[in-house]
Amino acid sequence: MYFSKKTMEPVQEEQTSVWMCSNEGCSCWMRENFSLEEVPSCPICHSGMVKNTKMLPALFNHHKSY
């Protein structure tokens with residue numbers, strides 16, 4: 001029997017706007033274009049969130065809520 005590994009294309013990443021939790025002990029973050037509020041609070045610890053950027057795989061949100 002013969003097994004072949006297919007070569008995978010590298011995932012294209014781009015600089016993405018995200019919301020990051022302001023609490024030092026919490027590592028929660030979310031993409032800005034996937035948040036449900038203009039200024040969200042952390043869903044884990046309920047602290048405020050601040051804007052930042054991350055290198056992430058490119059995604060597109062077809063359903064912008066606001």
# chains A, B, ... in the order shown; residues from 1 in each chain; ligands from 1

call {"tool": "residues_around", "arguments": {"residues": "Met49 of chain A", "least_positions_apart": "6", "cutoff": "8 Å", "atoms": "only C-alpha atoms", "output": "number ranges by chain"}}
result
A: 19-22, 39-42

call {"tool": "select_by_dssp", "arguments": {"residues": "chain A", "states": "strand (DSSP E)", "output": "PyMOL selection string"}}
result
chain A and resi 13-21+29-31+49-57

call {"tool": "write_last_selection", "arguments": {"atoms": "N, CA, C and O atoms", "output": "short mmCIF file (atom, residue, chain, number, x, y, z; two decimals), in the first residue's frame"}}
result
data_model
loop_
_atom_site.label_atom_id
_atom_site.label_comp_id
_atom_site.auth_asym_id
_atom_site.auth_seq_id
_atom_site.Cartn_x
_atom_site.Cartn_y
_atom_site.Cartn_z
N GLU A 13 -1.43 34.91 5.84
CA GLU A 13 -1.77 35.69 7.03
C GLU A 13 -1.70 37.17 6.71
O GLU A 13 -0.98 37.59 5.81
N GLU A 14 -2.49 37.94 7.45
CA GLU A 14 -2.48 39.39 7.28
C GLU A 14 -2.62 40.07 8.63
O GLU A 14 -3.10 39.47 9.59
N GLN A 15 -2.19 41.31 8.70
CA GLN A 15 -2.32 42.11 9.92
C GLN A 15 -3.80 42.38 10.14
O GLN A 15 -4.47 42.96 9.28
N THR A 16 -4.35 41.94 11.27
CA THR A 16 -5.79 41.99 11.52
C THR A 16 -6.07 42.78 12.79
O THR A 16 -5.40 42.60 13.81
N SER A 17 -7.09 43.64 12.76
CA SER A 17 -7.53 44.38 13.95
C SER A 17 -8.27 43.43 14.88
O SER A 17 -9.15 42.69 14.45
N VAL A 18 -7.88 43.45 16.14
CA VAL A 18 -8.51 42.60 17.15
C VAL A 18 -8.82 43.40 18.40
O VAL A 18 -8.26 44.47 18.62
N TRP A 19 -9.72 42.86 19.22
CA TRP A 19 -9.97 43.37 20.56
C TRP A 19 -9.27 42.42 21.52
O TRP A 19 -9.44 41.20 21.42
N MET A 20 -8.45 42.95 22.43
CA MET A 20 -7.75 42.14 23.42
C MET A 20 -8.19 42.57 24.82
O MET A 20 -8.41 43.75 25.08
N CYS A 21 -8.32 41.60 25.70
CA CYS A 21 -8.74 41.87 27.07
C CYS A 21 -7.69 42.73 27.78
O CYS A 21 -6.49 42.50 27.65
N TRP A 29 -9.11 37.25 23.27
CA TRP A 29 -9.10 38.24 22.19
C TRP A 29 -10.12 37.81 21.15
O TRP A 29 -10.55 36.66 21.12
N MET A 30 -10.55 38.75 20.32
CA MET A 30 -11.48 38.44 19.22
C MET A 30 -11.20 39.38 18.06
O MET A 30 -10.72 40.49 18.24
N ARG A 31 -11.50 38.91 16.87
CA ARG A 31 -11.34 39.76 15.68
C ARG A 31 -12.33 40.91 15.77
O ARG A 31 -13.48 40.72 16.17
N MET A 49 -12.09 45.82 26.88
CA MET A 49 -11.18 45.34 25.84
C MET A 49 -10.59 46.53 25.11
O MET A 49 -11.21 47.58 25.01
N VAL A 50 -9.37 46.37 24.60
CA VAL A 50 -8.68 47.43 23.88
C VAL A 50 -8.31 46.92 22.49
O VAL A 50 -8.09 45.73 22.29
N LYS A 51 -8.25 47.87 21.53
CA LYS A 51 -7.89 47.51 20.16
C LYS A 51 -6.41 47.22 20.05
O LYS A 51 -5.59 47.87 20.70
N ASN A 52 -6.08 46.24 19.21
CA ASN A 52 -4.70 45.88 18.94
C ASN A 52 -4.68 45.20 17.57
O ASN A 52 -5.72 45.12 16.91
N THR A 53 -3.53 44.71 17.14
CA THR A 53 -3.44 43.98 15.88
C THR A 53 -2.67 42.68 16.09
O THR A 53 -1.85 42.57 17.01
N LYS A 54 -2.97 41.68 15.24
CA LYS A 54 -2.30 40.39 15.27
C LYS A 54 -2.14 39.89 13.84
O LYS A 54 -2.93 40.24 12.97
N MET A 55 -1.12 39.08 13.61
CA MET A 55 -0.97 38.40 12.33
C MET A 55 -1.82 37.13 12.40
O MET A 55 -1.54 36.23 13.18
N LEU A 56 -2.89 37.08 11.59
CA LEU A 56 -3.83 35.97 11.61
C LEU A 56 -4.15 35.52 10.19
O LEU A 56 -4.02 36.30 9.25
N PRO A 57 -4.62 34.29 10.03
CA PRO A 57 -5.08 33.85 8.70
C PRO A 57 -6.22 34.75 8.22
O PRO A 57 -7.06 35.18 9.00
#

call {"tool": "closest_residue", "arguments": {"among": "A:Glu38, A:Asn33, A:Cys26, A:His46", "to": "Phe60 of chain A", "atoms": "only C-alpha atoms"}}
result
A:Asn33

call {"tool": "closest_residue", "arguments": {"among": "A:Gln12, A:Ser47, A:Lys6, A:Glu37", "to": "Leu59 of chain A", "atoms": "only C-alpha atoms"}}
result
A:Gln12

call {"tool": "closest_residue", "arguments": {"among": "A:Gly48, A:Ala58, A:Met8, A:His63", "to": "Phe34 of chain A", "atoms": "only C-alpha atoms"}}
result
A:His63
